[in-house]
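What follows is a short report on a single structure.
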Amino acid sequence: MTQPGTESWRDVPAGGTVLLPGSTERNLTGSWRTKLPVIDFDACTHCMICWVMCPDSCFKTAEGTLQSVDLDHCKGCGICATECPVKCIEMVPEERD
Amino acid sequence: MVDTQERPASGDMAAPATSTAIAVNGGEAVAYALRQIEPEVVAAYPITPQTLIIEKFAEYCADGLVRTEYINVESEHAALSACVGASAAGARAITATAGPGLALMFEMLGVASGMRLPIVMHLCTRALSAPLNILGDHSDAMAMRETGWVMLSGSSPQEAYDLALVAQTIAEHPDVMLPCANLVDGFMVTHAVERVDVLPDDVVREFVGEYEPETSLLAEGSTATYGALDFRDYYFEHRRQQEAALYRSQPVVEEALKRFGEISGRSHKIIEPYMMDDAEVVLVLMGSAEGQVHAAVDAARDAGLKAGALRIRLLRPFPTEAVAEALSGARVIGVLDRAIGFGSVDNPLLSDVKSALWDQSARPLTKGFVYGLGGRVVTLGQFNQAFDELRTVLETGETPGDPTYLGLREDGEVPA
Ligand code: SF4
Ligand code: SF4
């Protein structure tokens, strides 16, 4: 969640409505992860199915090719690994300090 | 619907000459109001004693008299959920239910108020099961009191119609933006055929106006997200803001009732006093027992008691100051509850009234009464008995802690 701001209760948007888009960017769901998607780029066909299926829009692309995963937001759900048609995404247990 | 006639002049305000008298039950009176309001969405599930409303309204839809999107849902939970979605999308959305249907809506009651959606619900008050019972009492309405809705209560088919129109303008007022419930007493009002003076369609349309929310999901250019997660960082602020909006609605309710009085000639107030100017002994109530309570007041006055009655029309936000002010001259106050507040210090209405009186310098004596549960027949004799008991309290200065159950079978007795 975001750090609490300084708005009084009088000034917050009524009903908790979020007026501007993109607020989930500040909600770092990456801390939920226990497994990490690791992509074998030699096998990847850049079909972009993972990009479509990821519930957190984590896949970064450039010029029509898959580049990387946004680990601040990847929560390790494994949907990408399940959906990848060539099975080049492996969910690897993550070691953290 | 029969017997169209000009409305005769009555009361202290001039009514529009074009008002029409019709003979309908309370349910049809609400449906008539819904036809005139013609909301974008109605989502409801049939349940006794509310079915009269939505059956009649479905007829209006089928006959092409309204362009409303009528959503047939699989449950009351879905009915209110559909209204939440429609209202967030920017539509005027209305539902109606009763007793167990309200209980099934419970989760969405708080969602509607928490999201600040001006949905209007016509609640045909009904007993809660078990034992299974489809008849009228206030158990459902009293269970709803703390869910953040504005709650209005009428006593007749006329008032069911009037408050249906007023509720719409309260809910959608920019200072309020909260859902509003119109409590229509099950059977005693929903099924009672009475004369109802209805306003012309164009007068109603002007009174309720168009619903134009500041933001909505489907507004052009809207980027808003409704119903998002709200944890420890802002939930508290949003709840505090919601509470303030509910208290702020009281002057809006008063203004809406006043404005309605100007177009209809019927001047409703948030509380309805009867013979209160010099009253020492008062019965407080909500809903359709008003006629019998007034008759009991008259009988008590004939017997030398300075009796009065006070009906609560605005249940939430509870009009604390107005109630305390109206009761400031009373020495003994009896409160009629048509519900049991299981395990509470007092039954619901008594609890509210006593809280409102706590800060008074000279607190009167209070006494609770329970009546009419599960459609138990309500009689004048019960309220005569209540005034007899209140007279004893006045004379002895002592009030028993337990409520009196009016019309309940005690050992070996047949109830009055
Ligand atoms: S789904 Fe698999 S193959 Fe397709 S772009 Fe993603 S990682 Fe590459
Ligand atoms: S594991 Fe889930 S969240 Fe992470 S990249 Fe794959 S689909 Fe997205």
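All residue names refer to the structure tokens as shown: chains lettered A, B, ... in order, residues numbered from 1 in each chain, ligands numbered from 1 in order.
For ligand 1, the neighbouring polymer residues at 7 Å or closer are Ile39, Cys44, Thr45, His46, Cys47, Met48, Ile49, Cys50, Trp51, Leu66, Cys80, Glu83, Cys84, Pro85, Val86, Lys87, Cys88 and Ile89 of chain A, only C-alpha atoms and all ligand atoms being used.
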Close residues to ligand 2 using only C-alpha atoms and all ligand atoms, limit 8 Å, as a ChimeraX atom specification
/A:35-37,50-51,53-59,69-71,73-81,91
Output of the above residues as a compact mmCIF listing (two decimals), in the first residue's frame, restricted to N, CA, C and O atoms:
```
# COMPACT_ATOMS: atom_id res chain seq x y z
N LYS A 35 7.73 -17.91 -5.38
CA LYS A 35 8.42 -18.48 -6.55
C LYS A 35 8.55 -17.41 -7.62
O LYS A 35 7.66 -16.57 -7.80
N LEU A 36 9.62 -17.51 -8.36
CA LEU A 36 10.01 -16.50 -9.32
C LEU A 36 9.94 -17.07 -10.74
O LEU A 36 10.45 -18.16 -10.98
N PRO A 37 9.32 -16.34 -11.70
CA PRO A 37 9.33 -16.87 -13.07
C PRO A 37 10.69 -16.60 -13.74
O PRO A 37 11.14 -15.45 -13.79
N CYS A 50 2.21 -14.68 -22.41
CA CYS A 50 2.47 -14.34 -21.01
C CYS A 50 2.12 -12.88 -20.73
O CYS A 50 1.54 -12.54 -19.70
N TRP A 51 2.42 -12.03 -21.66
CA TRP A 51 2.15 -10.59 -21.53
C TRP A 51 0.63 -10.35 -21.40
O TRP A 51 0.17 -9.54 -20.62
N MET A 53 -1.59 -12.70 -20.37
CA MET A 53 -2.21 -13.42 -19.26
C MET A 53 -1.81 -12.91 -17.88
O MET A 53 -2.54 -13.12 -16.92
N CYS A 54 -0.68 -12.29 -17.75
CA CYS A 54 -0.20 -11.89 -16.41
C CYS A 54 -1.19 -10.93 -15.76
O CYS A 54 -1.49 -9.87 -16.31
N PRO A 55 -1.74 -11.26 -14.60
CA PRO A 55 -2.73 -10.40 -13.95
C PRO A 55 -2.13 -9.08 -13.46
O PRO A 55 -2.88 -8.15 -13.17
N ASP A 56 -0.83 -8.99 -13.34
CA ASP A 56 -0.23 -7.75 -12.87
C ASP A 56 0.54 -7.00 -13.96
O ASP A 56 1.27 -6.07 -13.64
N SER A 57 0.34 -7.36 -15.20
CA SER A 57 1.01 -6.68 -16.33
C SER A 57 2.50 -6.52 -16.09
O SER A 57 3.06 -5.43 -16.20
N CYS A 58 3.16 -7.63 -15.74
CA CYS A 58 4.56 -7.56 -15.35
C CYS A 58 5.55 -7.67 -16.50
O CYS A 58 6.73 -7.38 -16.34
N PHE A 59 5.09 -8.16 -17.66
CA PHE A 59 6.07 -8.44 -18.72
C PHE A 59 6.43 -7.17 -19.47
O PHE A 59 5.56 -6.43 -19.94
N VAL A 69 10.82 -9.33 -16.61
CA VAL A 69 9.66 -9.37 -15.71
C VAL A 69 9.86 -8.31 -14.63
O VAL A 69 10.95 -8.17 -14.09
N ASP A 70 8.79 -7.58 -14.37
CA ASP A 70 8.82 -6.54 -13.32
C ASP A 70 8.67 -7.22 -11.96
O ASP A 70 7.57 -7.61 -11.57
N LEU A 71 9.77 -7.39 -11.27
CA LEU A 71 9.73 -8.15 -10.02
C LEU A 71 9.19 -7.35 -8.84
O LEU A 71 8.92 -7.91 -7.78
N HIS A 73 6.31 -6.13 -8.98
CA HIS A 73 4.87 -6.43 -9.00
C HIS A 73 4.55 -7.90 -9.22
O HIS A 73 3.45 -8.33 -8.89
N CYS A 74 5.47 -8.69 -9.80
CA CYS A 74 5.20 -10.12 -9.98
C CYS A 74 4.96 -10.75 -8.63
O CYS A 74 5.82 -10.70 -7.75
N LYS A 75 3.74 -11.34 -8.45
CA LYS A 75 3.45 -11.95 -7.16
C LYS A 75 3.64 -13.45 -7.19
O LYS A 75 3.28 -14.14 -6.24
N GLY A 76 4.19 -13.95 -8.27
CA GLY A 76 4.57 -15.37 -8.31
C GLY A 76 3.42 -16.33 -8.48
O GLY A 76 3.48 -17.48 -8.05
N CYS A 77 2.35 -15.89 -9.16
CA CYS A 77 1.15 -16.73 -9.26
C CYS A 77 1.37 -17.93 -10.19
O CYS A 77 0.69 -18.94 -10.07
N GLY A 78 2.31 -17.82 -11.13
CA GLY A 78 2.61 -18.95 -12.01
C GLY A 78 1.71 -19.07 -13.22
O GLY A 78 1.81 -20.03 -13.98
N ILE A 79 0.81 -18.13 -13.42
CA ILE A 79 -0.09 -18.20 -14.58
C ILE A 79 0.72 -18.18 -15.87
O ILE A 79 0.46 -18.95 -16.81
N CYS A 80 1.75 -17.33 -15.91
CA CYS A 80 2.56 -17.24 -17.13
C CYS A 80 3.20 -18.58 -17.47
O CYS A 80 3.21 -19.02 -18.63
N ALA A 81 3.73 -19.26 -16.43
CA ALA A 81 4.39 -20.56 -16.66
C ALA A 81 3.40 -21.59 -17.18
O ALA A 81 3.72 -22.40 -18.06
N MET A 91 8.99 -21.76 -12.76
CA MET A 91 8.79 -21.09 -11.47
C MET A 91 9.83 -21.66 -10.49
O MET A 91 9.79 -22.84 -10.14
```
Only residues of chain B matter here; which ones have an atom within 6 Å of chain A, counting only C-alpha atoms? Give them as a list in words.
Gly114, Met115, Arg116, Thr223, Ala224, Thr225, Tyr226, Asp233, Glu237 and Gln241 of chain B
Contact residues around Ile47 of chain B with only C-alpha atoms at 8 Å, ignoring same-chain residues under 4 positions, as a VMD selection string:
chain B and resid 51 97 to 98 101
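Look at segment 106-112 of chain B: the protein and nucleic acid residues within 9 Å of it, using only C-alpha atoms and passing over chain neighbours fewer than 4 places away, are His77, Ala78, Leu80, Ser81, Cys83, Val84, Ser87, Gly101, Leu102, Arg116, Leu117, Pro118, Ile119, Met144, Glu146, Thr147, Gly148, Trp149, Leu178, Pro179 and Gly227 of chain B.
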Residues of the last selection are to be written out with N, CA, C and O atoms, as a CSV table (one decimal), in the first residue's frame.
```csv
chain,number,residue,atom,x,y,z
B,77,HIS,N,-29.5,-10.6,-2.9
B,77,HIS,CA,-28.1,-10.2,-2.9
B,77,HIS,C,-27.7,-9.7,-4.3
B,77,HIS,O,-27.0,-8.7,-4.4
B,78,ALA,N,-28.2,-10.4,-5.3
B,78,ALA,CA,-27.9,-10.0,-6.7
B,78,ALA,C,-28.7,-8.7,-7.0
B,78,ALA,O,-28.1,-7.9,-7.8
B,80,LEU,N,-29.4,-6.1,-5.1
B,80,LEU,CA,-28.7,-4.9,-4.6
B,80,LEU,C,-27.3,-4.8,-5.3
B,80,LEU,O,-26.9,-3.7,-5.6
B,81,SER,N,-26.7,-6.0,-5.6
B,81,SER,CA,-25.4,-5.9,-6.3
B,81,SER,C,-25.6,-5.3,-7.7
B,81,SER,O,-24.8,-4.5,-8.1
B,83,CYS,N,-27.8,-3.1,-8.5
B,83,CYS,CA,-28.1,-1.7,-8.3
B,83,CYS,C,-26.7,-1.0,-8.0
B,83,CYS,O,-26.5,0.1,-8.4
B,84,VAL,N,-25.8,-1.7,-7.2
B,84,VAL,CA,-24.5,-1.1,-6.9
B,84,VAL,C,-23.8,-0.9,-8.2
B,84,VAL,O,-23.2,0.2,-8.5
B,87,SER,N,-25.5,1.9,-10.3
B,87,SER,CA,-25.3,3.2,-9.7
B,87,SER,C,-23.9,3.7,-9.9
B,87,SER,O,-23.7,4.9,-10.2
B,101,GLY,N,-35.4,-11.0,2.5
B,101,GLY,CA,-34.7,-10.5,1.4
B,101,GLY,C,-33.7,-9.5,1.8
B,101,GLY,O,-32.6,-9.4,1.3
B,102,LEU,N,-34.1,-8.6,2.7
B,102,LEU,CA,-33.1,-7.6,3.2
B,102,LEU,C,-32.0,-8.3,3.9
B,102,LEU,O,-30.8,-7.9,3.8
B,116,ARG,N,-20.9,5.1,-1.4
B,116,ARG,CA,-21.6,6.4,-1.5
B,116,ARG,C,-22.5,6.4,-2.8
B,116,ARG,O,-22.5,7.4,-3.5
B,117,LEU,N,-23.3,5.4,-2.9
B,117,LEU,CA,-24.1,5.2,-4.1
B,117,LEU,C,-25.6,5.5,-3.7
B,117,LEU,O,-26.1,4.9,-2.8
B,118,PRO,N,-26.2,6.5,-4.4
B,118,PRO,CA,-27.5,6.9,-4.0
B,118,PRO,C,-28.7,6.0,-4.5
B,118,PRO,O,-29.6,6.4,-5.2
B,119,ILE,N,-28.6,4.8,-4.1
B,119,ILE,CA,-29.6,3.8,-4.5
B,119,ILE,C,-30.8,4.0,-3.5
B,119,ILE,O,-30.6,4.3,-2.4
B,144,MET,N,-31.2,-3.0,10.1
B,144,MET,CA,-30.5,-2.3,9.0
B,144,MET,C,-30.0,-0.9,9.6
B,144,MET,O,-29.2,-0.3,8.9
B,146,GLU,N,-27.7,0.3,11.4
B,146,GLU,CA,-26.3,0.8,11.4
B,146,GLU,C,-25.5,0.4,10.1
B,146,GLU,O,-24.3,0.3,10.2
B,147,THR,N,-26.2,0.3,9.0
B,147,THR,CA,-25.5,0.0,7.8
B,147,THR,C,-25.3,1.3,6.9
B,147,THR,O,-24.8,1.2,5.8
B,148,GLY,N,-25.6,2.5,7.4
B,148,GLY,CA,-25.2,3.7,6.7
B,148,GLY,C,-26.2,4.2,5.8
B,148,GLY,O,-25.9,5.1,4.9
B,149,TRP,N,-27.4,3.7,5.8
B,149,TRP,CA,-28.5,4.2,4.9
B,149,TRP,C,-29.3,5.3,5.6
B,149,TRP,O,-29.5,5.3,6.8
B,178,LEU,N,-25.8,9.1,-0.5
B,178,LEU,CA,-25.9,7.8,0.3
B,178,LEU,C,-27.2,7.1,-0.1
B,178,LEU,O,-28.2,7.8,-0.6
B,179,PRO,N,-27.2,5.8,0.0
B,179,PRO,CA,-28.5,5.1,-0.3
B,179,PRO,C,-29.6,5.5,0.8
B,179,PRO,O,-29.3,5.9,1.9
B,227,GLY,N,-14.9,0.8,-5.7
B,227,GLY,CA,-14.8,-0.4,-4.8
B,227,GLY,C,-13.5,-1.0,-4.7
B,227,GLY,O,-13.3,-2.2,-4.5
```
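Near Gly372 of chain B, within a cut-off of 6 Å and counting only C-alpha atoms, sit the residues Arg338, Arg376 and Val378 of chain B, with same-chain residues fewer than 4 positions away left out.
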For the structure I just gave you, how does DSSP split chain A - specifically, which residues are strand (DSSP E)? Reply as a VMD selection string.
chain A and resid 35 to 39 59 to 62 65 to 69 89 to 93
Take the residues just selected and output them with N, CA, C and O atoms as a short mmCIF file (atom, residue, chain, number, x, y, z; two decimals), in the first residue's frame.
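Written out: out27.cif:
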```
data_model
loop_
_atom_site.label_atom_id
_atom_site.label_comp_id
_atom_site.auth_asym_id
_atom_site.auth_seq_id
_atom_site.Cartn_x
_atom_site.Cartn_y
_atom_site.Cartn_z
N LYS A 35 7.73 -17.91 -5.38
CA LYS A 35 8.42 -18.48 -6.55
C LYS A 35 8.55 -17.41 -7.62
O LYS A 35 7.66 -16.57 -7.80
N LEU A 36 9.62 -17.51 -8.36
CA LEU A 36 10.01 -16.50 -9.32
C LEU A 36 9.94 -17.07 -10.74
O LEU A 36 10.45 -18.16 -10.98
N PRO A 37 9.32 -16.34 -11.70
CA PRO A 37 9.33 -16.87 -13.07
C PRO A 37 10.69 -16.60 -13.74
O PRO A 37 11.14 -15.45 -13.79
N VAL A 38 11.32 -17.66 -14.20
CA VAL A 38 12.60 -17.50 -14.90
C VAL A 38 12.40 -17.94 -16.36
O VAL A 38 11.93 -19.04 -16.63
N ILE A 39 12.71 -17.03 -17.29
CA ILE A 39 12.42 -17.26 -18.71
C ILE A 39 13.67 -17.77 -19.43
O ILE A 39 14.74 -17.19 -19.31
N PHE A 59 5.09 -8.16 -17.66
CA PHE A 59 6.07 -8.44 -18.72
C PHE A 59 6.43 -7.17 -19.47
O PHE A 59 5.56 -6.43 -19.94
N LYS A 60 7.72 -6.91 -19.55
CA LYS A 60 8.23 -5.73 -20.24
C LYS A 60 8.65 -6.15 -21.65
O LYS A 60 9.30 -7.18 -21.82
N THR A 61 8.26 -5.31 -22.60
CA THR A 61 8.60 -5.64 -23.99
C THR A 61 9.29 -4.45 -24.64
O THR A 61 9.18 -3.32 -24.16
N ALA A 62 9.97 -4.71 -25.71
CA ALA A 62 10.55 -3.65 -26.53
C ALA A 62 10.63 -4.16 -27.97
O ALA A 62 11.06 -5.29 -28.20
N THR A 65 9.54 -7.67 -28.79
CA THR A 65 10.17 -8.84 -28.16
C THR A 65 10.02 -8.74 -26.66
O THR A 65 9.96 -7.65 -26.08
N LEU A 66 9.93 -9.92 -26.04
CA LEU A 66 9.85 -9.98 -24.58
C LEU A 66 11.21 -9.66 -23.99
O LEU A 66 12.23 -10.14 -24.48
N GLN A 67 11.22 -8.80 -22.94
CA GLN A 67 12.50 -8.37 -22.39
C GLN A 67 12.74 -8.87 -20.96
O GLN A 67 13.78 -9.44 -20.66
N SER A 68 11.76 -8.62 -20.08
CA SER A 68 12.02 -8.93 -18.66
C SER A 68 10.71 -8.97 -17.89
O SER A 68 9.65 -8.68 -18.43
N VAL A 69 10.82 -9.33 -16.61
CA VAL A 69 9.66 -9.37 -15.71
C VAL A 69 9.86 -8.31 -14.63
O VAL A 69 10.95 -8.17 -14.09
N ILE A 89 8.94 -20.90 -19.36
CA ILE A 89 8.98 -20.18 -18.09
C ILE A 89 8.97 -21.21 -16.97
O ILE A 89 8.09 -22.06 -16.90
N GLU A 90 9.97 -21.12 -16.09
CA GLU A 90 10.03 -22.03 -14.94
C GLU A 90 9.84 -21.23 -13.66
O GLU A 90 10.41 -20.15 -13.51
N MET A 91 8.99 -21.76 -12.76
CA MET A 91 8.79 -21.09 -11.47
C MET A 91 9.83 -21.66 -10.49
O MET A 91 9.79 -22.84 -10.14
N VAL A 92 10.73 -20.81 -10.07
CA VAL A 92 11.87 -21.25 -9.24
C VAL A 92 11.68 -20.71 -7.82
O VAL A 92 11.43 -19.52 -7.64
N PRO A 93 11.77 -21.59 -6.81
CA PRO A 93 11.65 -21.10 -5.43
C PRO A 93 12.65 -19.99 -5.17
O PRO A 93 13.80 -20.08 -5.60
#
```
List as a PyMOL selection string the protein and nucleic acid residues near Leu183 of chain B, meaning an atom at most 12 Å away when only C-alpha atoms are counted, but skip any in the same chain fewer than 4 places from it.
chain B and resi 26-27+30+50+96-99+102+120-126+136-142+144-145+149-157+159-164+167+188-190+286-288+312-316
For the residues in that selection, give me N, CA and C atoms as a compact mmCIF listing (two decimals), in the first residue's frame.
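Saved file part.txt follows:
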```txt
# COMPACT_ATOMS: atom_id res chain seq x y z
N GLY B 26 -50.60 0.39 -0.67
CA GLY B 26 -49.30 1.03 -0.51
C GLY B 26 -48.28 0.56 -1.53
N GLY B 27 -48.33 -0.73 -1.87
CA GLY B 27 -47.39 -1.26 -2.85
C GLY B 27 -47.57 -0.62 -4.21
N VAL B 30 -46.32 2.94 -4.34
CA VAL B 30 -44.88 3.05 -4.57
C VAL B 30 -44.58 2.79 -6.05
N GLN B 50 -43.52 -7.33 -0.50
CA GLN B 50 -43.04 -6.31 -1.44
C GLN B 50 -43.49 -6.59 -2.87
N ALA B 96 -36.36 -2.98 -4.24
CA ALA B 96 -37.38 -3.11 -3.20
C ALA B 96 -37.26 -4.50 -2.63
N THR B 97 -37.51 -4.62 -1.31
CA THR B 97 -37.42 -5.94 -0.70
C THR B 97 -38.20 -5.97 0.60
N ALA B 98 -38.04 -7.05 1.36
CA ALA B 98 -38.72 -7.22 2.63
C ALA B 98 -37.99 -8.28 3.45
N GLY B 99 -38.02 -8.14 4.76
CA GLY B 99 -37.57 -9.14 5.73
C GLY B 99 -36.39 -10.00 5.32
N LEU B 102 -34.09 -8.63 2.73
CA LEU B 102 -33.15 -7.64 3.25
C LEU B 102 -31.97 -8.33 3.92
N VAL B 120 -32.01 3.87 -4.07
CA VAL B 120 -33.19 3.94 -3.21
C VAL B 120 -33.81 2.56 -3.10
N MET B 121 -34.15 2.19 -1.86
CA MET B 121 -34.79 0.90 -1.60
C MET B 121 -36.14 1.12 -0.93
N HIS B 122 -37.14 0.41 -1.42
CA HIS B 122 -38.43 0.44 -0.76
C HIS B 122 -38.54 -0.84 0.06
N LEU B 123 -38.43 -0.68 1.37
CA LEU B 123 -38.39 -1.84 2.27
C LEU B 123 -39.77 -2.04 2.87
N CYS B 124 -40.42 -3.12 2.47
CA CYS B 124 -41.75 -3.44 3.00
C CYS B 124 -41.53 -4.26 4.26
N THR B 125 -41.59 -3.63 5.38
CA THR B 125 -41.10 -4.22 6.63
C THR B 125 -41.82 -5.53 6.94
N ARG B 126 -41.03 -6.52 7.28
CA ARG B 126 -41.53 -7.88 7.50
C ARG B 126 -40.71 -8.53 8.61
N GLY B 136 -46.02 -8.53 8.92
CA GLY B 136 -45.30 -7.29 9.19
C GLY B 136 -44.79 -7.15 10.61
N ASP B 137 -43.56 -6.69 10.78
CA ASP B 137 -43.06 -6.01 11.97
C ASP B 137 -41.79 -5.28 11.56
N HIS B 138 -41.05 -4.76 12.52
CA HIS B 138 -39.90 -3.92 12.16
C HIS B 138 -38.55 -4.60 12.39
N SER B 139 -38.55 -5.93 12.52
CA SER B 139 -37.28 -6.63 12.80
C SER B 139 -36.24 -6.37 11.71
N ASP B 140 -36.70 -6.36 10.45
CA ASP B 140 -35.75 -6.17 9.35
C ASP B 140 -35.18 -4.75 9.35
N ALA B 141 -36.06 -3.76 9.47
CA ALA B 141 -35.62 -2.37 9.44
C ALA B 141 -34.65 -2.07 10.58
N MET B 142 -34.96 -2.63 11.76
CA MET B 142 -34.12 -2.33 12.92
C MET B 142 -32.73 -2.96 12.77
N MET B 144 -31.18 -3.05 10.10
CA MET B 144 -30.51 -2.27 9.04
C MET B 144 -29.96 -0.94 9.56
N ARG B 145 -30.33 -0.59 10.80
CA ARG B 145 -30.09 0.78 11.26
C ARG B 145 -28.64 1.23 11.16
N TRP B 149 -27.45 3.70 5.79
CA TRP B 149 -28.48 4.22 4.89
C TRP B 149 -29.28 5.32 5.59
N VAL B 150 -29.75 6.29 4.82
CA VAL B 150 -30.78 7.19 5.31
C VAL B 150 -32.07 6.37 5.36
N MET B 151 -32.81 6.44 6.46
CA MET B 151 -34.02 5.62 6.60
C MET B 151 -35.23 6.47 6.96
N LEU B 152 -36.22 6.43 6.08
CA LEU B 152 -37.47 7.15 6.29
C LEU B 152 -38.58 6.14 6.54
N SER B 153 -39.53 6.50 7.37
CA SER B 153 -40.63 5.57 7.65
C SER B 153 -41.97 6.29 7.56
N GLY B 154 -42.88 5.73 6.79
CA GLY B 154 -44.21 6.31 6.65
C GLY B 154 -45.25 5.52 7.42
N SER B 155 -46.50 5.98 7.34
CA SER B 155 -47.55 5.30 8.09
C SER B 155 -48.78 4.99 7.23
N SER B 156 -48.72 5.32 5.94
CA SER B 156 -49.92 5.15 5.10
C SER B 156 -49.49 4.99 3.65
N PRO B 157 -50.38 4.49 2.79
CA PRO B 157 -50.06 4.43 1.36
C PRO B 157 -49.70 5.81 0.80
N GLU B 159 -48.21 8.22 2.34
CA GLU B 159 -46.84 8.55 2.72
C GLU B 159 -45.83 7.66 2.00
N ALA B 160 -46.22 6.42 1.73
CA ALA B 160 -45.33 5.53 0.97
C ALA B 160 -45.02 6.16 -0.39
N TYR B 161 -46.05 6.73 -1.00
CA TYR B 161 -45.88 7.42 -2.29
C TYR B 161 -45.02 8.68 -2.12
N ASP B 162 -45.38 9.49 -1.14
CA ASP B 162 -44.68 10.76 -0.95
C ASP B 162 -43.19 10.53 -0.66
N LEU B 163 -42.92 9.59 0.27
CA LEU B 163 -41.53 9.38 0.67
C LEU B 163 -40.73 8.70 -0.43
N ALA B 164 -41.41 7.94 -1.30
CA ALA B 164 -40.70 7.35 -2.44
C ALA B 164 -40.10 8.45 -3.32
N ALA B 167 -37.33 10.42 -1.06
CA ALA B 167 -36.11 9.62 -0.85
C ALA B 167 -35.14 9.80 -2.01
N MET B 188 -49.85 -3.75 6.63
CA MET B 188 -50.65 -2.64 7.16
C MET B 188 -50.65 -1.46 6.19
N VAL B 189 -49.56 -1.29 5.45
CA VAL B 189 -49.51 -0.22 4.44
C VAL B 189 -49.44 -0.81 3.03
N THR B 190 -48.59 -1.83 2.86
CA THR B 190 -48.41 -2.35 1.49
C THR B 190 -49.72 -2.87 0.91
N MET B 286 -43.00 4.28 15.57
CA MET B 286 -42.64 4.42 14.17
C MET B 286 -43.63 3.59 13.37
N GLY B 287 -44.15 4.15 12.27
CA GLY B 287 -44.93 3.33 11.34
C GLY B 287 -46.43 3.42 11.49
N SER B 288 -47.09 2.35 11.04
CA SER B 288 -48.51 2.39 10.72
C SER B 288 -49.45 2.32 11.90
N ILE B 312 -41.72 8.77 14.74
CA ILE B 312 -40.40 9.00 14.15
C ILE B 312 -40.52 8.74 12.65
N ARG B 313 -40.34 9.78 11.84
CA ARG B 313 -40.38 9.58 10.39
C ARG B 313 -38.97 9.37 9.85
N LEU B 314 -37.97 10.01 10.47
CA LEU B 314 -36.57 9.83 10.05
C LEU B 314 -35.89 8.96 11.09
N LEU B 315 -35.66 7.70 10.73
CA LEU B 315 -35.04 6.77 11.70
C LEU B 315 -33.52 6.89 11.67
N ARG B 316 -32.95 7.10 10.48
CA ARG B 316 -31.49 7.32 10.35
C ARG B 316 -31.24 8.40 9.33
```
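Within chain A, the backbone-based DSSP assignment of alpha helix (DSSP H) covers Ile49, Cys50, Trp51, Val52, Met53, Ile79, Cys80, Ala81, Thr82 and Glu83 of chain A.
For the atom pair formed by atom CA of Gln242 of chain B and atom CA of Pro174 of chain B, the distance is 12.9 Å, given to one decimal.
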